[in-house]
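Dropping query17.tsv in here (TSV, C-alpha atoms):
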```tsv
chain	number	residue	atom	x	y	z
S	1	VAL	CA	45.65	12.40	7.82
S	2	SER	CA	43.27	15.07	9.12
S	3	ARG	CA	43.68	17.01	12.35
S	4	LEU	CA	41.29	14.49	13.92
S	5	GLY	CA	43.20	11.37	12.94
S	6	SER	CA	43.39	8.92	10.05
S	7	TRP	CA	39.66	8.14	9.84
S	8	ALA	CA	37.88	10.00	7.03
S	9	PRO	CA	34.11	10.06	7.62
S	10	ALA	CA	32.23	9.60	4.32
S	11	THR	CA	28.87	11.24	5.05
S	12	VAL	CA	27.43	14.22	6.92
S	13	ASP	CA	25.92	11.79	9.43
S	14	GLU	CA	29.36	10.30	10.04
S	15	ARG	CA	30.89	13.73	10.47
S	16	LEU	CA	28.19	14.67	12.98
S	17	ASP	CA	28.74	11.36	14.76
S	18	ARG	CA	32.46	12.13	14.97
S	19	MET	CA	31.70	15.49	16.65
S	20	GLU	CA	29.47	13.75	19.20
S	21	SER	CA	32.19	11.20	19.79
S	22	LEU	CA	34.74	13.98	20.26
S	23	ALA	CA	32.48	15.66	22.84
S	24	ALA	CA	32.08	12.36	24.71
S	25	ILE	CA	35.81	11.54	24.56
S	26	ARG	CA	36.75	15.00	25.83
S	27	GLN	CA	34.62	14.32	28.91
S	28	LEU	CA	36.48	11.10	29.74
S	29	PRO	CA	39.74	12.55	31.20
S	30	SER	CA	37.80	15.16	33.21
S	31	ARG	CA	35.44	12.53	34.58
S	32	TYR	CA	38.43	10.32	35.41
S	33	ALA	CA	40.07	13.19	37.34
S	34	LEU	CA	36.88	14.05	39.23
S	35	ALA	CA	36.18	10.39	40.07
S	36	LEU	CA	39.75	9.94	41.40
S	37	ASP	CA	39.69	13.12	43.49
S	38	SER	CA	36.19	12.51	44.87
S	39	ARG	CA	37.04	8.79	45.40
S	40	ASP	CA	34.02	7.72	43.37
S	41	MET	CA	35.42	4.26	42.71
S	42	ALA	CA	32.37	2.89	40.85
S	43	ALA	CA	32.23	5.87	38.49
S	44	LEU	CA	35.99	5.57	37.89
S	45	ALA	CA	35.86	1.89	36.89
S	46	ASP	CA	32.79	2.48	34.70
S	47	LEU	CA	34.82	4.84	32.48
S	48	PHE	CA	36.74	1.79	31.19
S	49	VAL	CA	35.60	-0.93	28.77
S	50	PRO	CA	33.86	-3.86	30.52
S	51	ASP	CA	36.75	-6.23	29.69
S	52	VAL	CA	39.48	-3.82	30.85
S	53	ARG	CA	42.75	-5.40	31.99
S	54	ALA	CA	43.62	-4.74	35.63
S	55	GLY	CA	46.99	-6.34	36.35
S	56	SER	CA	46.54	-10.10	35.94
S	57	GLU	CA	42.76	-9.74	36.22
S	58	VAL	CA	40.05	-8.58	33.83
S	59	GLY	CA	36.97	-6.40	34.34
S	60	ARG	CA	35.67	-3.28	36.02
S	61	ASP	CA	35.30	-4.89	39.47
S	62	ALA	CA	38.96	-5.90	39.44
S	63	LEU	CA	39.97	-2.40	38.30
S	64	ARG	CA	37.82	-0.79	41.01
S	65	ARG	CA	39.54	-2.93	43.68
S	66	TRP	CA	42.95	-2.03	42.29
S	67	PHE	CA	42.22	1.73	42.29
S	68	THR	CA	40.66	1.51	45.76
S	69	GLY	CA	43.89	0.03	47.07
S	70	ILE	CA	46.40	2.41	45.48
S	71	LEU	CA	44.44	5.56	46.36
S	72	GLN	CA	44.91	4.94	50.09
S	73	ALA	CA	48.50	6.20	49.83
S	74	SER	CA	47.27	9.78	49.33
S	75	ARG	CA	44.70	11.82	51.17
S	76	THR	CA	43.73	14.89	49.11
S	77	THR	CA	44.44	14.42	45.40
S	78	ILE	CA	43.97	17.12	42.75
S	79	HIS	CA	44.19	16.29	39.02
S	80	VAL	CA	43.96	19.35	36.76
S	81	VAL	CA	43.53	18.17	33.19
S	82	THR	CA	44.50	20.49	30.32
S	83	ASN	CA	45.81	19.80	26.76
S	84	HIS	CA	43.92	16.97	25.07
S	85	ILE	CA	44.47	15.77	21.52
S	86	VAL	CA	42.28	13.10	19.93
S	87	ASP	CA	42.99	10.94	16.84
S	88	PHE	CA	40.19	8.81	15.39
S	89	ASP	CA	41.20	5.47	13.81
S	90	ASP	CA	37.60	4.65	12.83
S	91	ALA	CA	34.06	5.40	14.02
S	92	ASP	CA	34.54	3.39	17.24
S	93	HIS	CA	38.26	3.66	18.03
S	94	ALA	CA	40.40	6.65	18.90
S	95	ARG	CA	43.65	7.51	20.67
S	96	GLY	CA	44.56	10.53	22.74
S	97	VAL	CA	47.23	12.37	24.70
S	98	VAL	CA	46.20	14.26	27.83
S	99	TYR	CA	48.29	16.56	30.03
S	100	CYS	CA	47.65	16.68	33.75
S	101	ARG	CA	49.12	18.56	36.69
S	102	ASP	CA	48.61	16.51	39.82
S	103	GLN	CA	48.91	17.18	43.54
S	104	LEU	CA	49.04	14.47	46.20
S	105	GLU	CA	48.81	14.99	49.96
S	106	ARG	CA	50.94	12.30	51.65
S	107	PRO	CA	49.84	11.68	55.24
S	108	ASP	CA	52.78	9.29	55.88
S	109	THR	CA	55.58	11.72	55.02
S	110	GLY	CA	53.84	15.06	55.55
S	111	ARG	CA	54.79	16.01	52.00
S	112	TRP	CA	52.58	17.70	49.40
S	113	GLU	CA	53.65	16.29	46.05
S	114	ILE	CA	53.22	18.28	42.82
S	115	GLY	CA	53.81	16.75	39.42
S	116	ASP	CA	53.41	16.99	35.67
S	117	LEU	CA	52.25	13.93	33.78
S	118	GLN	CA	50.65	12.63	30.60
S	119	TYR	CA	48.16	9.93	29.76
S	120	TRP	CA	48.46	8.09	26.45
S	121	ASP	CA	44.92	6.82	25.93
S	122	ASP	CA	43.12	4.24	23.82
S	123	TYR	CA	39.37	4.92	23.53
S	124	GLU	CA	36.72	2.51	22.31
S	125	ARG	CA	32.97	2.83	21.79
S	126	VAL	CA	31.18	-0.13	23.36
S	127	ASP	CA	27.37	-0.37	23.07
S	128	GLY	CA	27.22	3.32	22.07
S	129	GLU	CA	29.31	4.51	25.03
S	130	TRP	CA	32.87	5.85	24.70
S	131	CYS	CA	35.25	4.28	27.24
S	132	PHE	CA	38.93	4.05	28.00
S	133	ARG	CA	40.35	0.81	26.63
S	134	ARG	CA	43.66	1.59	28.27
S	135	ARG	CA	45.45	4.54	29.94
S	136	LYS	CA	49.23	4.58	29.87
S	137	PHE	CA	50.78	6.95	32.28
S	138	HIS	CA	54.04	8.91	31.83
S	139	ARG	CA	55.67	11.53	34.00
S	140	TRP	CA	58.06	14.46	33.87
S	141	TYR	CA	58.40	14.67	37.65
S	142	LEU	CA	56.71	14.38	41.03
S	143	THR	CA	58.24	16.43	43.80
S	144	ASP	CA	57.41	18.09	47.12
S	145	ALA	CA	55.65	21.45	46.82
S	146	LEU	CA	58.61	23.26	48.41
S	147	SER	CA	61.37	21.73	46.31
S	148	ARG	CA	62.50	22.66	42.82
S	149	PRO	CA	61.39	20.19	40.12
S	150	ALA	CA	64.22	18.30	38.43
S	151	HIS	CA	64.37	15.90	35.50
S	152	GLY	CA	63.12	12.51	36.64
S	153	ALA	CA	62.47	13.59	40.23
S	154	GLY	CA	60.08	11.16	41.91
S	155	VAL	CA	59.50	9.08	38.76
S	156	ASN	CA	59.28	5.43	39.82
S	157	ASP	CA	61.22	5.98	43.04
S	158	GLY	CA	58.54	4.06	44.94
S	159	SER	CA	56.58	7.15	46.06
S	160	ASP	CA	54.14	6.79	43.19
S	161	PRO	CA	51.87	3.73	43.08
S	162	LEU	CA	51.75	3.64	39.28
S	163	ALA	CA	54.57	2.54	37.00
S	164	ALA	CA	55.33	5.50	34.75
S	165	ARG	CA	57.69	6.00	31.83
S	166	GLN	CA	59.96	9.00	31.92
S	167	LEU	CA	59.02	12.10	29.93
S	168	PRO	CA	60.20	13.66	27.67
S	169	GLU	CA	62.29	10.61	26.66
S	170	ALA	CA	59.09	8.55	26.21
S	171	PHE	CA	58.12	10.64	23.17
S	172	PRO	CA	59.10	8.64	20.07
S	173	THR	CA	60.17	11.92	18.41
S	174	TRP	CA	62.49	12.93	21.26
S	175	ALA	CA	65.64	10.94	20.50
S	176	PRO	CA	65.47	11.48	16.70
S	177	TYR	CA	65.29	15.26	17.28
S	178	TRP	CA	68.49	15.23	19.31
S	179	GLU	CA	70.22	12.98	16.81
S	180	LEU	CA	69.26	15.42	14.07
S	181	VAL	CA	70.44	18.57	15.85
S	182	GLY	CA	73.52	16.70	17.09
S	183	GLN	CA	74.45	15.87	13.48
S	184	ALA	CA	73.77	19.46	12.46
S	185	ALA	CA	76.02	20.71	15.26
S	186	GLY	CA	78.68	18.23	14.17
S	187	ARG	CA	78.62	19.55	10.61
S	188	GLU	CA	79.11	23.11	11.80
S	189	SER	CA	82.14	22.34	13.95
H	1	MET	CA	23.46	6.71	14.67
H	2	THR	CA	20.80	8.20	16.93
H	3	MET	CA	20.06	11.88	16.39
H	4	THR	CA	18.46	12.21	19.80
H	5	ASP	CA	19.94	11.19	23.10
H	6	ALA	CA	17.52	8.98	24.99
H	7	ALA	CA	18.67	10.20	28.41
H	8	SER	CA	18.15	13.92	27.96
H	9	GLY	CA	15.93	14.04	24.86
H	10	VAL	CA	18.19	16.65	23.27
H	11	ASP	CA	19.11	16.50	19.60
H	12	THR	CA	22.70	16.08	18.48
H	13	LEU	CA	23.47	19.61	17.32
H	14	SER	CA	21.97	21.17	20.46
H	15	ARG	CA	24.07	18.87	22.61
H	16	LEU	CA	27.28	19.77	20.76
H	17	LEU	CA	26.48	23.45	21.03
H	18	ALA	CA	25.68	23.06	24.73
H	19	TYR	CA	29.11	21.46	25.43
H	20	GLU	CA	30.98	24.17	23.55
H	21	SER	CA	28.96	27.07	25.02
H	22	ILE	CA	29.33	25.76	28.56
H	23	ARG	CA	33.10	25.29	28.14
H	24	GLN	CA	33.25	28.87	26.88
H	25	LEU	CA	31.38	30.09	29.98
H	26	ALA	CA	34.03	28.71	32.31
H	27	ALA	CA	36.86	30.20	30.25
H	28	ARG	CA	35.15	33.57	29.77
H	29	TYR	CA	34.54	33.83	33.52
H	30	ALA	CA	38.26	33.33	34.19
H	31	VAL	CA	39.35	35.88	31.60
H	32	ALA	CA	36.79	38.44	32.83
H	33	VAL	CA	37.94	38.04	36.45
H	34	ASP	CA	41.59	38.53	35.45
H	35	ALA	CA	40.61	41.54	33.30
H	36	LYS	CA	38.56	43.03	36.19
H	37	ASP	CA	35.58	43.15	33.83
H	38	SER	CA	32.62	42.91	36.22
H	39	GLU	CA	30.12	43.81	33.49
H	40	THR	CA	31.11	40.76	31.43
H	41	ILE	CA	31.11	38.54	34.52
H	42	ALA	CA	27.56	39.60	35.45
H	43	GLY	CA	26.46	39.03	31.83
H	44	LEU	CA	27.54	35.38	32.04
H	45	PHE	CA	24.81	34.76	34.66
H	46	VAL	CA	21.02	34.46	34.20
H	47	PRO	CA	19.22	37.83	34.50
H	48	ASP	CA	17.54	36.84	37.79
H	49	VAL	CA	20.77	35.54	39.38
H	50	ARG	CA	20.93	35.60	43.16
H	51	ALA	CA	23.57	38.04	44.38
H	52	GLY	CA	23.44	37.38	48.12
H	53	GLU	CA	21.74	39.18	50.99
H	54	GLY	CA	18.34	38.85	49.31
H	55	ARG	CA	19.40	40.80	46.22
H	56	THR	CA	18.92	39.51	42.68
H	57	GLY	CA	19.93	40.60	39.19
H	58	ARG	CA	23.05	41.37	37.21
H	59	PRO	CA	23.61	44.94	38.53
H	60	ALA	CA	23.57	43.59	42.09
H	61	LEU	CA	25.98	40.79	41.13
H	62	ARG	CA	28.22	43.28	39.39
H	63	ALA	CA	28.46	45.30	42.63
H	64	VAL	CA	29.49	42.13	44.50
H	65	TYR	CA	32.26	41.41	41.96
H	66	ASP	CA	33.46	45.02	41.95
H	67	GLU	CA	34.20	44.58	45.66
H	68	LEU	CA	35.76	41.12	45.27
H	69	LEU	CA	37.99	42.11	42.35
H	70	ALA	CA	39.43	45.05	44.29
H	71	GLU	CA	41.01	42.71	46.88
H	72	HIS	CA	43.86	41.49	44.66
H	73	PRO	CA	45.69	43.66	42.12
H	74	ARG	CA	46.70	40.77	39.84
H	75	THR	CA	45.00	37.39	39.41
H	76	ILE	CA	45.65	34.50	36.99
H	77	LEU	CA	42.91	31.87	36.66
H	78	ASN	CA	43.81	28.71	34.75
H	79	VAL	CA	40.79	26.51	33.99
H	80	GLY	CA	41.30	22.76	33.63
H	81	THR	CA	39.22	19.66	34.34
H	82	HIS	CA	35.61	20.32	33.29
H	83	VAL	CA	32.86	17.74	33.74
H	84	ILE	CA	29.56	18.64	32.06
H	85	ASP	CA	26.25	16.84	32.68
H	86	LEU	CA	23.44	17.82	30.32
H	87	LEU	CA	20.20	17.41	32.26
H	88	SER	CA	17.63	18.68	29.74
H	89	GLU	CA	17.39	20.93	26.71
H	90	ASP	CA	17.83	23.99	28.94
H	91	ALA	CA	19.62	22.80	32.09
H	92	ALA	CA	23.04	21.38	32.85
H	93	SER	CA	25.43	21.06	35.76
H	94	GLY	CA	29.19	20.92	35.89
H	95	VAL	CA	32.37	20.72	37.92
H	96	VAL	CA	35.32	22.92	36.95
H	97	TYR	CA	38.84	22.91	38.38
H	98	CYS	CA	40.86	26.08	38.38
H	99	ARG	CA	44.39	26.94	39.44
H	100	GLY	CA	44.32	30.51	40.70
H	101	GLU	CA	47.30	32.75	41.35
H	102	LEU	CA	46.58	35.90	43.36
H	103	GLU	CA	48.78	38.79	44.27
H	104	TRP	CA	48.09	39.21	47.98
H	105	GLY	CA	50.10	41.88	49.80
H	106	GLU	CA	53.65	40.54	50.01
H	107	GLN	CA	52.48	37.02	49.17
H	108	TRP	CA	51.78	35.23	45.91
H	109	VAL	CA	48.88	32.94	46.72
H	110	VAL	CA	48.07	29.76	44.79
H	111	GLN	CA	44.53	28.48	45.06
H	112	ALA	CA	43.22	25.06	44.03
H	113	ILE	CA	39.62	25.98	43.23
H	114	VAL	CA	36.62	23.81	42.35
H	115	TYR	CA	33.46	25.36	40.98
H	116	HIS	CA	30.21	23.42	41.26
H	117	ASP	CA	28.06	25.00	38.54
H	118	ASP	CA	24.43	25.07	37.48
H	119	TYR	CA	23.92	26.15	33.87
H	120	GLU	CA	20.70	27.28	32.22
H	121	ARG	CA	19.79	28.10	28.64
H	122	HIS	CA	18.04	31.44	28.61
H	123	GLN	CA	16.64	32.77	25.29
H	124	GLY	CA	18.92	30.40	23.41
H	125	GLU	CA	22.04	31.29	25.37
H	126	TRP	CA	23.82	29.12	27.95
H	127	LEU	CA	24.48	31.01	31.21
H	128	PHE	CA	25.44	30.34	34.81
H	129	ARG	CA	22.44	29.93	37.09
H	130	ARG	CA	24.78	29.49	40.05
H	131	ARG	CA	28.52	29.06	40.74
H	132	ARG	CA	29.61	27.57	44.04
H	133	HIS	CA	33.25	28.55	44.63
H	134	LEU	CA	35.03	25.97	46.78
H	135	LEU	CA	38.68	25.49	47.69
H	136	PHE	CA	40.98	22.55	48.17
H	137	TYR	CA	43.33	25.17	49.59
H	138	GLY	CA	44.79	28.61	49.18
H	139	ALA	CA	48.45	29.05	50.17
H	140	ASP	CA	51.44	31.22	49.47
H	141	VAL	CA	53.52	29.69	46.71
H	142	LEU	CA	56.28	28.96	49.27
H	143	GLU	CA	53.92	27.24	51.74
H	144	ARG	CA	53.16	23.52	51.87
H	145	PRO	CA	49.35	23.15	52.04
H	146	ASN	CA	49.30	20.17	54.50
H	147	ASP	CA	49.16	21.98	57.82
H	148	LEU	CA	47.22	25.13	56.88
H	149	PRO	CA	44.36	26.30	59.11
H	150	PRO	CA	40.82	26.12	57.70
H	151	ALA	CA	39.93	28.72	55.08
H	152	GLY	CA	37.32	31.34	56.01
H	153	ARG	CA	33.76	31.50	54.71
H	154	PRO	CA	33.07	32.10	51.89
H	155	GLU	CA	36.17	30.28	50.67
H	156	PHE	CA	37.96	32.98	48.70
H	157	GLY	CA	41.09	33.17	50.78
H	158	ARG	CA	43.92	31.17	52.29
H	159	GLY	CA	43.80	27.89	54.22
H	160	ARG	CA	42.28	24.43	53.73
H	161	GLY	CA	38.84	24.61	52.13
H	162	SER	CA	35.92	22.19	52.14
H	163	MET	CA	37.28	20.05	49.29
H	164	PRO	CA	37.54	17.10	49.05
H	165	GLN	CA	35.36	16.36	52.12
H	166	TYR	CA	32.48	18.15	50.33
H	167	TRP	CA	32.07	15.08	48.10
H	168	PRO	CA	29.90	12.29	49.64
H	169	THR	CA	31.91	9.67	47.72
H	170	TRP	CA	35.14	10.97	49.28
H	171	ARG	CA	33.68	10.83	52.81
H	172	ARG	CA	32.46	7.27	52.21
H	173	TYR	CA	35.87	6.17	50.88
H	174	ALA	CA	37.64	7.79	53.86
H	175	ALA	CA	35.30	6.07	56.33
H	176	GLU	CA	35.66	2.65	54.69
H	177	HIS	CA	39.32	2.61	53.67
H	178	GLY	CA	41.12	5.47	55.38
H	179	PHE	CA	44.50	6.75	54.23
H	180	GLY	CA	48.15	6.08	55.01
H	181	PRO	CA	49.49	6.57	58.55
H	182	ALA	CA	48.85	10.01	60.05
H	183	ALA	CA	51.42	12.70	59.30
H	184	THR	CA	54.17	13.47	61.76
H	185	PRO	CA	53.45	16.95	63.17
H	186	ALA	CA	55.58	19.57	61.47
H	187	SER	CA	57.27	20.38	64.81
H	188	GLU	CA	58.60	16.78	65.08
H	189	ARG	CA	59.66	16.51	61.45
H	190	ARG	CA	63.28	16.75	60.50
```

structure tokens encoding of this file:
Amino acid sequence: VSRLGSWAPATVDERLDRMESLAAIRQLPSRYALALDSRDMAALADLFVPDVRAGSEVGRDALRRWFTGILQASRTTIHVVTNHIVDFDDADHARGVVYCRDQLERPDTGRWEIGDLQYWDDYERVDGEWCFRRRKFHRWYLTDALSRPAHGAGVNDGSDPLAARQLPEAFPTWAPYWELVGQAAGRES
Amino acid sequence: MTMTDAASGVDTLSRLLAYESIRQLAARYAVAVDAKDSETIAGLFVPDVRAGEGRTGRPALRAVYDELLAEHPRTILNVGTHVIDLLSEDAASGVVYCRGELEWGEQWVVQAIVYHDDYERHQGEWLFRRRRHLLFYGADVLERPNDLPPAGRPEFGRGRGSMPQYWPTWRRYAAEHGFGPAATPASERR
């Protein structure tokens, strides 16, 4: 497995195509953040595949309506995207992990929420255009700007419109690591 | 696989190089600001850059930055979200988010910055044509941004800036859908 995933391009053209795909995929999380924060609902939905699943419905229109609804809970939103890894499965499918630090102004409570989260992404090229197939959303915490972050603070306590899994426990490597060091500690004692 | 993009007419390798060079511009600007390196900053802009008050050129821009950089002893600029739109072989635009930390007298100010950029390729090199520096807010690290007064002009300081209202899509959304109930004034909050 290469540093860009399991897919091994066979030709120079394929390698060049992979670089173009990488450039396009790296734009997706930034465009998603900008579309959210500027409330550009059409641009946001267009980043997903045409047959995207939106709850019990399917399609970009349904997804746009869903986003339009949940974004009313916050006024200013700020999504600063940083770390982004990309794994290609083949020429038209890839997966990614994206870090994001988000800020949400809550008019109803007067709070200013600050959080750390991750997106676990599936990307797909449809008609030559790279799109999100799916974004899964996981969180370390979401807490008021003037309080100290704590493990699990604000994760699925109802203040966040999206259902998130708890980080770092959501990493598949997390529990095995602690089992391993736990066993090591047990041997020493 | 198409070697040329129909929309911008730019070949594949030039496009890849454009993305990488433009990403480097945003990062190099941040490092140069934090390093108080006004010569490098000015060199990231086109030679005939506008430097305000009718002046143009890199030496004039350098003088502007020398004054700006003196205001805060320590700064830390962390660049994140970066949208790049390639418009032609030699022109592009972009939006860059930046978390700034500024030593400011007794305060430690956090800024949520958005740059709206115009890029231009000049003699084979991608450069800034123009950077618009806009704020969501600037606030001491122990202040909640909600109730801050408006930031001054230009928006280098503290207070609520012109983001996100600057974006037409945001204004349209706010007019059509609004947001949750208005905040309780801080004085009435428990």

For this session: Measure the distance from CA of Ala92 (chain H) to CA of Asp118 (chain H) in Å and round it to one decimal.
Result: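 We find that CA of Ala92 (chain H) and CA of Asp118 (chain H) lie 6.1 Å from each other.
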
For this session: Excluding region 100-104 of chain H and any residue of its chain fewer than 5 positions from it, enumerate the residues within 8 Å of it, using only C-alpha atoms, and give them as an MDAnalysis selection string.
Result: chainID H and resid 71:78 109:113

For this session: Select residues of chain S: the criterion is any atom within 8 Å of an atom of chain H, counting all atoms listed in the file; output as a ChimeraX atom specification.
Result: /S:13,16-17,19-20,23,27,29-31,33-34,37-40,71-76,79-82,105-112,145-146

Exercise. Just how far from CA of Thr56 (chain H) is CA of Ser162 (chain H), in Å to one decimal?
Worked result: 26.0 Å

Exercise. Can you list, as a list in words, every protein, DNA or RNA residue that comes within 8 Å of Val155 (chain S) when you count only C-alpha atoms, leaving out same-chain residues fewer than 4 positions away?
Worked result: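 What passes the distance filter is Arg139, Trp140, Tyr141, Leu142, Asp160, Ala164, Arg165 and Gln166 of chain S.
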
For this session: Using CA of Glu169 (chain S) and CA of Glu57 (chain S) as the two end points, give the distance in Å to one decimal.
Result: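 A separation of 29.8 Å between them.
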
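For the choices S:Asp92, S:His84, S:Glu179, S:Arg65, the atom-to-atom distance to Asp121 (chain S) is smallest for S:His84 when using all atoms listed in the file.
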
Centre and edges of the region 32-37 of chain H box, axis-aligned, 4 Å extra per side, as JSON:
```
{"center_x": 38.6, "center_y": 40.6, "center_z": 34.6, "size_x": 14.0, "size_y": 13.1, "size_z": 11.6}
```

Exercise. Between H:Gly105, H:Gly157, H:Gly138, H:Gly94, which is the closest to Tyr119 (chain H) once you count all atoms listed in the file?
Worked result: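 Among the listed residues, the smallest separation from Tyr119 (chain H) belongs to H:Gly94.
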
Since fewer atoms than expected are present, regenerate N, CA, C and O atoms for region 141-160 of chain H and write them as a PDB file, in the frame of the given file.
```
ATOM      1  N   VAL H 141      52.827  30.621  47.590  1.00  0.00           N
ATOM      2  CA  VAL H 141      53.520  29.690  46.710  1.00  0.00           C
ATOM      3  C   VAL H 141      54.689  29.003  47.430  1.00  0.00           C
ATOM      4  O   VAL H 141      55.110  27.919  47.034  1.00  0.00           O
ATOM      5  N   LEU H 142      55.188  29.586  48.523  1.00  0.00           N
ATOM      6  CA  LEU H 142      56.280  28.960  49.270  1.00  0.00           C
ATOM      7  C   LEU H 142      55.793  28.228  50.526  1.00  0.00           C
ATOM      8  O   LEU H 142      56.584  27.884  51.396  1.00  0.00           O
ATOM      9  N   GLU H 143      54.484  28.002  50.626  1.00  0.00           N
ATOM     10  CA  GLU H 143      53.920  27.240  51.740  1.00  0.00           C
ATOM     11  C   GLU H 143      53.477  25.866  51.282  1.00  0.00           C
ATOM     12  O   GLU H 143      52.911  25.734  50.191  1.00  0.00           O
ATOM     13  N   ARG H 144      53.686  24.854  52.142  1.00  0.00           N
ATOM     14  CA  ARG H 144      53.160  23.520  51.870  1.00  0.00           C
ATOM     15  C   ARG H 144      51.726  23.479  52.414  1.00  0.00           C
ATOM     16  O   ARG H 144      51.495  23.877  53.547  1.00  0.00           O
ATOM     17  N   PRO H 145      50.756  23.027  51.611  1.00  0.00           N
ATOM     18  CA  PRO H 145      49.350  23.150  52.040  1.00  0.00           C
ATOM     19  C   PRO H 145      48.948  22.240  53.211  1.00  0.00           C
ATOM     20  O   PRO H 145      47.910  22.480  53.826  1.00  0.00           O
ATOM     21  N   ASN H 146      49.738  21.202  53.537  1.00  0.00           N
ATOM     22  CA  ASN H 146      49.300  20.170  54.500  1.00  0.00           C
ATOM     23  C   ASN H 146      48.744  20.724  55.802  1.00  0.00           C
ATOM     24  O   ASN H 146      47.690  20.310  56.258  1.00  0.00           O
ATOM     25  N   ASP H 147      49.488  21.607  56.446  1.00  0.00           N
ATOM     26  CA  ASP H 147      49.160  21.980  57.820  1.00  0.00           C
ATOM     27  C   ASP H 147      48.462  23.335  57.930  1.00  0.00           C
ATOM     28  O   ASP H 147      48.456  23.953  58.994  1.00  0.00           O
ATOM     29  N   LEU H 148      47.878  23.820  56.847  1.00  0.00           N
ATOM     30  CA  LEU H 148      47.220  25.130  56.880  1.00  0.00           C
ATOM     31  C   LEU H 148      45.978  25.094  57.760  1.00  0.00           C
ATOM     32  O   LEU H 148      45.304  24.073  57.853  1.00  0.00           O
ATOM     33  N   PRO H 149      45.634  26.215  58.389  1.00  0.00           N
ATOM     34  CA  PRO H 149      44.360  26.300  59.110  1.00  0.00           C
ATOM     35  C   PRO H 149      43.204  26.311  58.121  1.00  0.00           C
ATOM     36  O   PRO H 149      43.408  26.523  56.929  1.00  0.00           O
ATOM     37  N   PRO H 150      41.976  26.098  58.609  1.00  0.00           N
ATOM     38  CA  PRO H 150      40.820  26.120  57.700  1.00  0.00           C
ATOM     39  C   PRO H 150      40.674  27.488  57.038  1.00  0.00           C
ATOM     40  O   PRO H 150      40.968  28.519  57.646  1.00  0.00           O
ATOM     41  N   ALA H 151      40.208  27.466  55.786  1.00  0.00           N
ATOM     42  CA  ALA H 151      39.930  28.720  55.080  1.00  0.00           C
ATOM     43  C   ALA H 151      38.674  29.345  55.671  1.00  0.00           C
ATOM     44  O   ALA H 151      37.850  28.668  56.275  1.00  0.00           O
ATOM     45  N   GLY H 152      38.513  30.658  55.509  1.00  0.00           N
ATOM     46  CA  GLY H 152      37.320  31.340  56.010  1.00  0.00           C
ATOM     47  C   GLY H 152      36.108  31.029  55.157  1.00  0.00           C
ATOM     48  O   GLY H 152      36.166  30.239  54.226  1.00  0.00           O
ATOM     49  N   ARG H 153      34.995  31.647  55.478  1.00  0.00           N
ATOM     50  CA  ARG H 153      33.760  31.500  54.710  1.00  0.00           C
ATOM     51  C   ARG H 153      33.319  32.875  54.237  1.00  0.00           C
ATOM     52  O   ARG H 153      33.308  33.789  55.039  1.00  0.00           O
ATOM     53  N   PRO H 154      32.923  33.062  52.980  1.00  0.00           N
ATOM     54  CA  PRO H 154      33.070  32.100  51.890  1.00  0.00           C
ATOM     55  C   PRO H 154      34.539  31.865  51.552  1.00  0.00           C
ATOM     56  O   PRO H 154      35.397  32.664  51.925  1.00  0.00           O
ATOM     57  N   GLU H 155      34.797  30.757  50.809  1.00  0.00           N
ATOM     58  CA  GLU H 155      36.170  30.280  50.670  1.00  0.00           C
ATOM     59  C   GLU H 155      36.934  31.004  49.563  1.00  0.00           C
ATOM     60  O   GLU H 155      37.284  30.400  48.561  1.00  0.00           O
ATOM     61  N   PHE H 156      37.195  32.283  49.734  1.00  0.00           N
ATOM     62  CA  PHE H 156      37.960  32.980  48.700  1.00  0.00           C
ATOM     63  C   PHE H 156      39.429  33.155  49.070  1.00  0.00           C
ATOM     64  O   PHE H 156      40.201  33.663  48.298  1.00  0.00           O
ATOM     65  N   GLY H 157      39.799  32.735  50.295  1.00  0.00           N
ATOM     66  CA  GLY H 157      41.090  33.170  50.780  1.00  0.00           C
ATOM     67  C   GLY H 157      42.166  32.112  50.875  1.00  0.00           C
ATOM     68  O   GLY H 157      42.391  31.352  49.942  1.00  0.00           O
ATOM     69  N   ARG H 158      42.832  32.098  52.035  1.00  0.00           N
ATOM     70  CA  ARG H 158      43.920  31.170  52.290  1.00  0.00           C
ATOM     71  C   ARG H 158      43.477  30.115  53.294  1.00  0.00           C
ATOM     72  O   ARG H 158      42.580  30.374  54.084  1.00  0.00           O
ATOM     73  N   GLY H 159      44.121  28.953  53.281  1.00  0.00           N
ATOM     74  CA  GLY H 159      43.800  27.890  54.220  1.00  0.00           C
ATOM     75  C   GLY H 159      43.190  26.693  53.514  1.00  0.00           C
ATOM     76  O   GLY H 159      43.024  26.703  52.289  1.00  0.00           O
ATOM     77  N   ARG H 160      42.894  25.628  54.299  1.00  0.00           N
ATOM     78  CA  ARG H 160      42.280  24.430  53.730  1.00  0.00           C
ATOM     79  C   ARG H 160      40.787  24.653  53.577  1.00  0.00           C
ATOM     80  O   ARG H 160      40.112  25.041  54.519  1.00  0.00           O
TER      81      ARG H 160
END
```
